[in-house]
>>> print(open('data.cif').read())   # mmCIF, C-alpha atoms
data_work
loop_
_atom_site.group_PDB
_atom_site.id
_atom_site.type_symbol
_atom_site.label_atom_id
_atom_site.label_comp_id
_atom_site.auth_asym_id
_atom_site.auth_seq_id
_atom_site.Cartn_x
_atom_site.Cartn_y
_atom_site.Cartn_z
ATOM 1 C CA MET A 24 49.447 39.216 13.187
ATOM 2 C CA THR A 25 49.535 41.762 10.385
ATOM 3 C CA ALA A 26 52.257 44.177 11.547
ATOM 4 C CA LYS A 27 55.149 43.753 9.101
ATOM 5 C CA ARG A 28 58.101 43.768 11.547
ATOM 6 C CA ALA A 29 56.436 41.453 14.048
ATOM 7 C CA ARG A 30 55.197 39.127 11.305
ATOM 8 C CA ALA A 31 58.730 38.882 9.860
ATOM 9 C CA LEU A 32 60.174 37.686 13.182
ATOM 10 C CA ILE A 33 57.290 35.310 13.883
ATOM 11 C CA ASP A 34 57.561 33.707 10.442
ATOM 12 C CA TYR A 35 61.338 33.363 10.813
ATOM 13 C CA LEU A 36 60.998 31.726 14.242
ATOM 14 C CA ILE A 37 58.351 29.316 12.965
ATOM 15 C CA GLU A 38 60.671 28.239 10.168
ATOM 16 C CA HIS A 39 64.054 28.276 11.984
ATOM 17 C CA ASP A 40 63.283 28.073 15.758
ATOM 18 C CA GLU A 41 65.825 30.837 16.468
ATOM 19 C CA CYS A 42 66.591 34.291 15.077
ATOM 20 C CA SER A 43 69.738 36.292 15.818
ATOM 21 C CA THR A 44 70.296 40.027 15.717
ATOM 22 C CA GLU A 45 72.365 39.393 12.556
ATOM 23 C CA ASP A 46 69.448 37.528 10.964
ATOM 24 C CA LEU A 47 67.198 40.506 11.648
ATOM 25 C CA ASN A 48 69.809 42.887 10.238
ATOM 26 C CA GLU A 49 70.010 40.770 7.076
ATOM 27 C CA MET A 50 66.210 40.986 6.800
ATOM 28 C CA GLY A 51 66.608 44.789 6.726
ATOM 29 C CA TYR A 52 65.883 45.629 10.360
ATOM 30 C CA ASP A 53 68.578 47.889 11.790
ATOM 31 C CA HIS A 54 67.183 47.850 15.334
ATOM 32 C CA PRO A 55 66.477 44.197 16.263
ATOM 33 C CA PRO A 56 65.249 44.985 19.814
ATOM 34 C CA ARG A 57 62.430 47.083 18.291
ATOM 35 C CA VAL A 58 61.336 44.125 16.152
ATOM 36 C CA VAL A 59 61.373 41.853 19.206
ATOM 37 C CA GLY A 60 59.486 44.536 21.163
ATOM 38 C CA ASP A 61 56.737 44.550 18.526
ATOM 39 C CA VAL A 62 56.215 40.815 19.020
ATOM 40 C CA LYS A 63 56.292 41.086 22.827
ATOM 41 C CA GLU A 64 53.814 43.980 22.741
ATOM 42 C CA ALA A 65 51.472 41.700 20.822
ATOM 43 C CA GLY A 66 51.516 39.408 23.870
ATOM 44 C CA ILE A 67 53.781 36.739 22.397
ATOM 45 C CA PRO A 68 56.579 35.708 24.760
ATOM 46 C CA ILE A 69 60.105 35.886 23.358
ATOM 47 C CA THR A 70 63.283 34.835 25.148
ATOM 48 C CA MET A 71 66.783 36.051 24.391
ATOM 49 C CA THR A 72 70.143 34.397 24.911
ATOM 50 C CA ARG A 73 73.658 35.556 24.144
ATOM 51 C CA ASP A 74 75.115 32.174 23.399
ATOM 52 C CA ARG A 75 75.221 32.485 19.614
ATOM 53 C CA VAL A 76 78.476 33.587 17.995
ATOM 54 C CA SER A 77 78.522 35.942 15.026
ATOM 55 C CA ALA A 78 79.889 34.404 11.853
ATOM 56 C CA LYS A 79 81.100 37.873 10.836
ATOM 57 C CA THR A 80 82.793 39.128 13.999
ATOM 58 C CA GLY A 81 83.291 36.073 16.211
ATOM 59 C CA ARG A 82 81.556 37.925 19.069
ATOM 60 C CA LYS A 83 78.551 36.736 21.038
ATOM 61 C CA ILE A 84 75.246 38.096 19.752
ATOM 62 C CA GLY A 85 71.634 37.955 20.847
ATOM 63 C CA ALA A 86 69.420 35.144 19.629
ATOM 64 C CA TYR A 87 65.643 35.041 20.086
ATOM 65 C CA ARG A 88 63.196 32.151 20.486
ATOM 66 C CA PHE A 89 59.538 31.825 21.343
ATOM 67 C CA GLY A 90 58.963 31.754 25.095
ATOM 68 C CA ASP A 91 56.576 29.587 27.067
ATOM 69 C CA PRO A 92 53.116 29.503 25.414
ATOM 70 C CA ALA A 93 51.569 29.700 28.899
ATOM 71 C CA ASP A 94 52.929 33.270 29.063
ATOM 72 C CA ILE A 95 50.940 34.504 26.039
ATOM 73 C CA LYS A 96 49.053 37.670 27.015
ATOM 74 C CA SER A 97 45.530 37.503 25.667
ATOM 75 C CA GLY A 98 43.977 40.475 23.939
ATOM 76 C CA ARG A 99 47.216 41.738 22.396
ATOM 77 C CA ILE A 100 47.709 39.652 19.277
ATOM 78 C CA ASP A 101 46.691 42.546 17.028
ATOM 79 C CA GLY A 102 49.330 44.779 18.633
ATOM 80 C CA ARG A 103 48.969 48.463 19.421
ATOM 81 C CA ARG A 104 46.166 50.560 18.042
ATOM 82 C CA ALA A 105 47.058 53.722 16.205
ATOM 83 C CA PHE A 106 45.397 56.813 17.604
ATOM 84 C CA SER A 107 43.245 58.622 15.062
ATOM 85 C CA LYS A 108 43.385 62.369 14.449
ATOM 86 C CA PRO A 109 39.854 62.848 15.891
ATOM 87 C CA PHE A 110 40.948 60.954 19.010
ATOM 88 C CA LYS A 111 44.032 63.160 19.401
ATOM 89 C CA ASP A 112 41.774 66.214 19.317
ATOM 90 C CA ARG A 113 40.058 65.067 22.563
ATOM 91 C CA PRO A 114 43.100 65.137 24.869
ATOM 92 C CA VAL A 115 44.325 68.318 23.171
ATOM 93 C CA ALA A 116 40.982 69.967 23.995
ATOM 94 C CA HIS A 117 40.997 68.433 27.499
ATOM 95 C CA TYR A 118 44.576 69.378 28.441
ATOM 96 C CA GLY A 119 44.924 72.517 26.353
ATOM 97 C CA SER A 120 47.863 71.338 24.208
ATOM 98 C CA ARG A 121 50.047 71.206 27.336
ATOM 99 C CA GLU A 122 52.977 68.787 27.693
ATOM 100 C CA ALA A 123 52.263 66.609 30.743
ATOM 101 C CA PHE A 124 55.701 66.760 32.381
ATOM 102 C CA THR A 125 56.908 70.282 31.624
ATOM 103 C CA GLN A 126 53.449 71.902 31.430
ATOM 104 C CA GLU A 127 54.711 73.822 28.406
ATOM 105 C CA VAL A 128 52.033 74.748 25.871
ATOM 106 C CA LEU A 129 53.111 73.374 22.478
ATOM 107 C CA ALA A 130 51.572 73.178 19.054
ATOM 108 C CA PRO A 131 49.591 69.901 18.882
ATOM 109 C CA ARG A 132 51.869 68.545 16.138
ATOM 110 C CA TYR A 133 54.714 68.380 18.681
ATOM 111 C CA LEU A 134 52.676 66.340 21.150
ATOM 112 C CA GLN A 135 52.130 62.586 21.155
ATOM 113 C CA ILE A 136 49.358 60.683 22.867
ATOM 114 C CA ASP A 137 50.687 58.215 25.410
ATOM 115 C CA HIS A 138 48.939 55.708 27.665
ATOM 116 C CA ARG A 139 49.259 56.788 31.303
ATOM 117 C CA VAL A 140 49.653 53.124 32.257
ATOM 118 C CA PRO A 141 52.225 51.733 29.797
ATOM 119 C CA TYR A 142 51.028 49.498 27.004
ATOM 120 C CA GLN A 143 53.411 46.772 28.199
ATOM 121 C CA VAL A 144 51.458 46.667 31.481
ATOM 122 C CA ALA A 145 47.847 47.275 30.440
ATOM 123 C CA GLY A 146 47.744 46.705 26.677
ATOM 124 C CA ASP A 147 44.916 48.266 24.685
ATOM 125 C CA GLY A 148 42.242 45.982 26.107
ATOM 126 C CA SER A 149 40.855 48.819 28.156
ATOM 127 C CA PHE A 150 40.986 51.368 25.312
ATOM 128 C CA ASP A 151 38.411 54.053 25.999
ATOM 129 C CA GLY A 152 38.379 56.755 23.370
ATOM 130 C CA SER A 153 35.919 58.800 25.401
ATOM 131 C CA ASN A 154 38.244 59.046 28.441
ATOM 132 C CA PRO A 155 41.133 61.470 27.815
ATOM 133 C CA ASP A 156 42.251 61.021 31.452
ATOM 134 C CA ALA A 157 43.594 57.562 30.539
ATOM 135 C CA TYR A 158 46.115 59.263 28.230
ATOM 136 C CA MET A 159 48.583 62.095 28.366
ATOM 137 C CA LEU A 160 50.182 64.440 25.869
ATOM 138 C CA ILE A 161 53.973 64.408 25.817
ATOM 139 C CA ASP A 162 56.712 65.564 23.491
ATOM 140 C CA ALA A 163 59.262 63.266 21.861
ATOM 141 C CA SER A 164 61.907 63.879 24.535
ATOM 142 C CA SER A 165 59.528 62.999 27.368
ATOM 143 C CA GLN A 166 58.346 59.963 25.393
ATOM 144 C CA ARG A 167 61.900 58.595 25.239
ATOM 145 C CA ALA A 168 62.524 59.256 28.938
ATOM 146 C CA LYS A 169 59.230 57.689 30.010
ATOM 147 C CA SER A 170 59.693 54.713 27.707
ATOM 148 C CA TRP A 171 63.205 53.988 29.015
ATOM 149 C CA SER A 172 62.139 54.337 32.639
ATOM 150 C CA CYS A 173 59.062 52.140 32.229
ATOM 151 C CA GLU A 174 60.889 49.459 30.231
ATOM 152 C CA ASN A 175 63.437 49.191 33.053
ATOM 153 C CA CYS A 176 60.894 49.273 35.889
ATOM 154 C CA ILE A 177 60.522 46.042 37.867
ATOM 155 C CA ASN A 178 56.748 46.477 37.906
ATOM 156 C CA ALA A 179 56.568 46.627 34.110
ATOM 157 C CA GLN A 180 59.030 43.759 33.702
ATOM 158 C CA ARG A 181 57.607 41.350 36.248
ATOM 159 C CA ASP A 182 54.539 42.337 38.267
ATOM 160 C CA ARG A 183 52.537 44.371 35.712
ATOM 161 C CA ARG A 184 50.292 45.938 38.353
ATOM 162 C CA LYS A 185 48.237 48.780 36.901
ATOM 163 C CA ASP A 186 47.617 50.286 40.360
ATOM 164 C CA VAL A 187 51.384 50.651 40.884
ATOM 165 C CA CYS A 188 51.742 52.362 37.512
ATOM 166 C CA ARG A 189 48.868 54.778 38.199
ATOM 167 C CA LEU A 190 50.716 56.152 41.256
ATOM 168 C CA CYS A 191 54.008 56.591 39.380
ATOM 169 C CA PHE A 192 55.394 59.954 38.257
ATOM 170 C CA TRP A 193 55.484 58.680 34.665
ATOM 171 C CA ALA A 194 51.698 58.083 34.695
ATOM 172 C CA SER A 195 50.573 60.886 36.981
ATOM 173 C CA PRO A 196 53.120 63.715 37.179
ATOM 174 C CA GLU A 197 50.458 65.844 38.861
ATOM 175 C CA ALA A 198 50.004 63.393 41.793
ATOM 176 C CA TYR A 199 52.478 60.563 42.351
ATOM 177 C CA THR A 200 54.021 58.559 45.212
ATOM 178 C CA HIS A 201 56.979 56.965 43.426
ATOM 179 C CA VAL A 202 59.147 57.055 40.334
ATOM 180 C CA ALA A 203 59.521 53.643 38.679
ATOM 181 C CA PRO A 204 58.972 52.389 41.561
ATOM 182 C CA GLU A 205 61.381 54.211 43.890
ATOM 183 C CA GLU A 206 59.407 55.815 46.701
ATOM 184 C CA VAL A 207 59.518 59.611 46.732
ATOM 185 C CA ARG A 208 58.818 61.626 49.843
ATOM 186 C CA GLY A 209 57.536 65.138 49.519
#
>>> encode(input="data.cif", output="structure tokens")
Amino acid sequence: MTAKRARALIDYLIEHDECSTEDLNEMGYDHPPRVVGDVKEAGIPITMTRDRVSAKTGRKIGAYRFGDPADIKSGRIDGRRAFSKPFKDRPVAHYGSREAFTQEVLAPRYLQIDHRVPYQVAGDGSFDGSNPDAYMLIDASSQRAKSWSCENCINAQRDRRKDVCRLCFWASPEAYTHVAPEEVRG
């Protein structure tokens, strides 16, 4: 694991068995859930409890530990791949610099490449740089909305079925049967 945030949490857990949100703050990370998310995205299971009490405030805070090693997701230890500029040019040429949800034509610098099937479900194991249909172009606002919806979807949390994701609005706004995973009738 070479990603700095993820490596920091992993090293801390190896040394101390548990890491609180305060510990992560003291290490310079202002958004502890993002650090934990980096480790989980790398396929390493992390559990969270709220049974630790803050020495500063006396309130309960989150504490993280390694999860069951049997739950390690293979093929993710290196974490997410960054999309190169030449790769971004492919979906821009394919979709015409159009935002997937609003269909608004935007300058390419305002668009981000996103996996149609969320990384937390499919990982990058099936990365295919020659297939722009596996990705979509979305703006920052859509990225936040999709991310929140997918992170809170029961399929992404528990089942991780790619076929369910492919039929979701957040993966295929042009042809979908449900929205995370509430059935929608047209």
>>> resolve_selection(input="data.cif", expression="the PyMOL selection byres ((chain A and resi 192-201) around 9)", output="PyMOL selection string")
chain A and resi 123-124+138-141+158-159+169+172-173+187-191+202-209
>>> atom_distance(input="data.cif", atom1="atom CA of A:Ala29", atom2="atom CA of A:Ile161")
25.9 Å
>>> closest_residue(input="data.cif", among="A:Arg183, A:Arg167, A:Arg28, A:Arg88", to="A:Leu47", atoms="only C-alpha atoms")
A:Arg28
>>> atom_distance(input="data.cif", atom1="atom CA of A:Ser107", atom2="atom CA of A:Ala157")
15.5 Å
>>> atom_distance(input="data.cif", atom1="atom CA of A:Ser120", atom2="atom CA of A:Ser165")
14.7 Å
>>> closest_residue(input="data.cif", among="A:Asp162, A:Asp112, A:Glu41, A:Asp182", to="A:Tyr133", atoms="only C-alpha atoms")
A:Asp162
>>> closest_residue(input="data.cif", among="A:Ile69, A:Leu32, A:Leu129, A:Cys42", to="A:Gly85", atoms="all atoms listed in the file")
A:Cys42
>>> resolve_selection(input="data.cif", expression="the PyMOL selection byres ((chain A and resi 86) around 10)", output="list of chain:residue names")
A:Glu41, A:Cys42, A:Ser43, A:Thr44, A:Glu45, A:Asp46, A:Leu47, A:Thr70, A:Met71, A:Thr72, A:Arg73, A:Asp74, A:Arg75, A:Val76, A:Lys83, A:Ile84, A:Gly85, A:Tyr87, A:Arg88
>>> closest_residue(input="data.cif", among="A:Glu64, A:Asp91, A:Asp34, A:Glu174", to="A:Met50", atoms="only C-alpha atoms")
A:Asp34
>>> closest_residue(input="data.cif", among="A:Leu134, A:Cys176, A:Val144, A:Ile33", to="A:Ala163", atoms="all atoms listed in the file")
A:Leu134
>>> closest_residue(input="data.cif", among="A:Phe110, A:Tyr52, A:Phe89, A:Tyr35", to="A:Asp137", atoms="only C-alpha atoms")
A:Phe110
>>> resolve_selection(input="data.cif", expression="the PyMOL selection byres ((chain A and resi 63) around 10)", output="list in words")
Ala29, Arg57, Val58, Val59, Gly60, Asp61, Val62, Glu64, Ala65, Gly66, Ile67, Pro68, Ile69, Thr70, Phe89, Gly90, Ile95, Lys96, Arg99, Ile100, Gly102 and Gln143 of chain A
>>> residues_around(input="data.cif", residues="A:His117", least_positions_apart="6", cutoff="10 Å", atoms="only C-alpha atoms", output="ChimeraX atom specification")
/A:154-156,159
>>> decode(input="data.cif", residues="stretch 186-197 of chain A", atoms="all heavy atoms", output="CSV table (one decimal), in the first residue's frame")
chain,number,residue,atom,x,y,z
A,186,ASP,N,-24.6,-6.5,-11.6
A,186,ASP,CA,-25.8,-6.5,-12.4
A,186,ASP,C,-26.9,-5.5,-11.9
A,186,ASP,O,-27.6,-4.9,-12.6
A,186,ASP,CB,-26.4,-7.9,-12.7
A,186,ASP,CG,-26.8,-8.6,-11.4
A,186,ASP,OD1,-26.0,-8.5,-10.4
A,186,ASP,OD2,-27.8,-9.3,-11.4
A,187,VAL,N,-27.0,-5.5,-10.5
A,187,VAL,CA,-28.0,-4.6,-9.9
A,187,VAL,C,-27.6,-3.1,-10.1
A,187,VAL,O,-28.4,-2.3,-10.5
A,187,VAL,CB,-28.1,-4.9,-8.4
A,187,VAL,CG1,-28.9,-3.8,-7.7
A,187,VAL,CG2,-28.7,-6.2,-8.2
A,188,CYS,N,-26.3,-2.9,-10.0
A,188,CYS,CA,-25.8,-1.5,-10.2
A,188,CYS,C,-26.0,-1.1,-11.7
A,188,CYS,O,-26.3,0.1,-11.9
A,188,CYS,CB,-24.3,-1.4,-9.9
A,188,CYS,SG,-23.9,-1.5,-8.1
A,189,ARG,N,-25.7,-1.9,-12.6
A,189,ARG,CA,-25.9,-1.6,-14.0
A,189,ARG,C,-27.3,-1.1,-14.4
A,189,ARG,O,-27.4,-0.4,-15.4
A,189,ARG,CB,-25.4,-2.7,-14.9
A,189,ARG,CG,-23.9,-2.9,-14.9
A,189,ARG,CD,-23.5,-4.0,-16.0
A,189,ARG,NE,-22.1,-4.3,-15.8
A,189,ARG,CZ,-21.7,-5.4,-15.2
A,189,ARG,NH1,-22.5,-6.3,-14.7
A,189,ARG,NH2,-20.4,-5.6,-15.1
A,190,LEU,N,-28.3,-1.6,-13.7
A,190,LEU,CA,-29.7,-1.2,-14.0
A,190,LEU,C,-30.1,0.0,-13.1
A,190,LEU,O,-31.3,0.4,-13.2
A,190,LEU,CB,-30.6,-2.4,-13.7
A,190,LEU,CG,-30.4,-3.5,-14.7
A,190,LEU,CD1,-31.2,-4.7,-14.3
A,190,LEU,CD2,-30.7,-3.1,-16.1
A,191,CYS,N,-29.2,0.6,-12.3
A,191,CYS,CA,-29.6,1.7,-11.5
A,191,CYS,C,-29.5,3.0,-12.2
A,191,CYS,O,-28.6,3.2,-13.1
A,191,CYS,CB,-28.6,1.7,-10.3
A,191,CYS,SG,-29.0,3.1,-9.1
A,192,PHE,N,-30.3,4.0,-11.8
A,192,PHE,CA,-30.2,5.4,-12.4
A,192,PHE,C,-28.8,5.9,-12.3
A,192,PHE,O,-28.3,6.6,-13.2
A,192,PHE,CB,-31.2,6.3,-11.6
A,192,PHE,CG,-31.0,7.7,-11.9
A,192,PHE,CD1,-31.4,8.3,-13.1
A,192,PHE,CD2,-30.3,8.6,-11.0
A,192,PHE,CE1,-31.2,9.6,-13.4
A,192,PHE,CE2,-30.1,9.9,-11.3
A,192,PHE,CZ,-30.6,10.4,-12.5
A,193,TRP,N,-28.1,5.7,-11.2
A,193,TRP,CA,-26.8,6.3,-11.0
A,193,TRP,C,-25.7,5.7,-11.9
A,193,TRP,O,-24.6,6.3,-12.1
A,193,TRP,CB,-26.4,6.2,-9.5
A,193,TRP,CG,-27.2,7.0,-8.7
A,193,TRP,CD1,-28.1,6.5,-7.7
A,193,TRP,CD2,-27.3,8.4,-8.6
A,193,TRP,NE1,-28.8,7.6,-7.1
A,193,TRP,CE2,-28.3,8.8,-7.7
A,193,TRP,CE3,-26.6,9.4,-9.3
A,193,TRP,CZ2,-28.6,10.1,-7.4
A,193,TRP,CZ3,-26.9,10.8,-9.0
A,193,TRP,CH2,-27.9,11.1,-8.0
A,194,ALA,N,-26.0,4.5,-12.5
A,194,ALA,CA,-25.0,3.9,-13.5
A,194,ALA,C,-25.5,4.1,-14.9
A,194,ALA,O,-24.7,4.3,-15.8
A,194,ALA,CB,-24.9,2.4,-13.2
A,195,SER,N,-26.8,4.2,-15.1
A,195,SER,CA,-27.4,4.2,-16.4
A,195,SER,C,-28.6,5.2,-16.5
A,195,SER,O,-29.7,4.7,-16.6
A,195,SER,CB,-27.8,2.8,-16.9
A,195,SER,OG,-26.7,1.9,-16.9
A,196,PRO,N,-28.3,6.5,-16.4
A,196,PRO,CA,-29.4,7.4,-16.3
A,196,PRO,C,-30.3,7.4,-17.6
A,196,PRO,O,-31.4,7.8,-17.6
A,196,PRO,CB,-28.8,8.8,-16.1
A,196,PRO,CG,-27.4,8.6,-16.5
A,196,PRO,CD,-27.0,7.2,-16.3
A,197,GLU,N,-29.7,6.9,-18.7
A,197,GLU,CA,-30.4,6.8,-20.0
A,197,GLU,C,-31.3,5.6,-20.0
A,197,GLU,O,-32.3,5.5,-20.8
A,197,GLU,CB,-29.4,6.8,-21.1
A,197,GLU,CG,-28.5,5.6,-21.2
A,197,GLU,CD,-27.3,5.7,-20.2
A,197,GLU,OE1,-27.0,6.8,-19.6
A,197,GLU,OE2,-26.6,4.7,-20.0
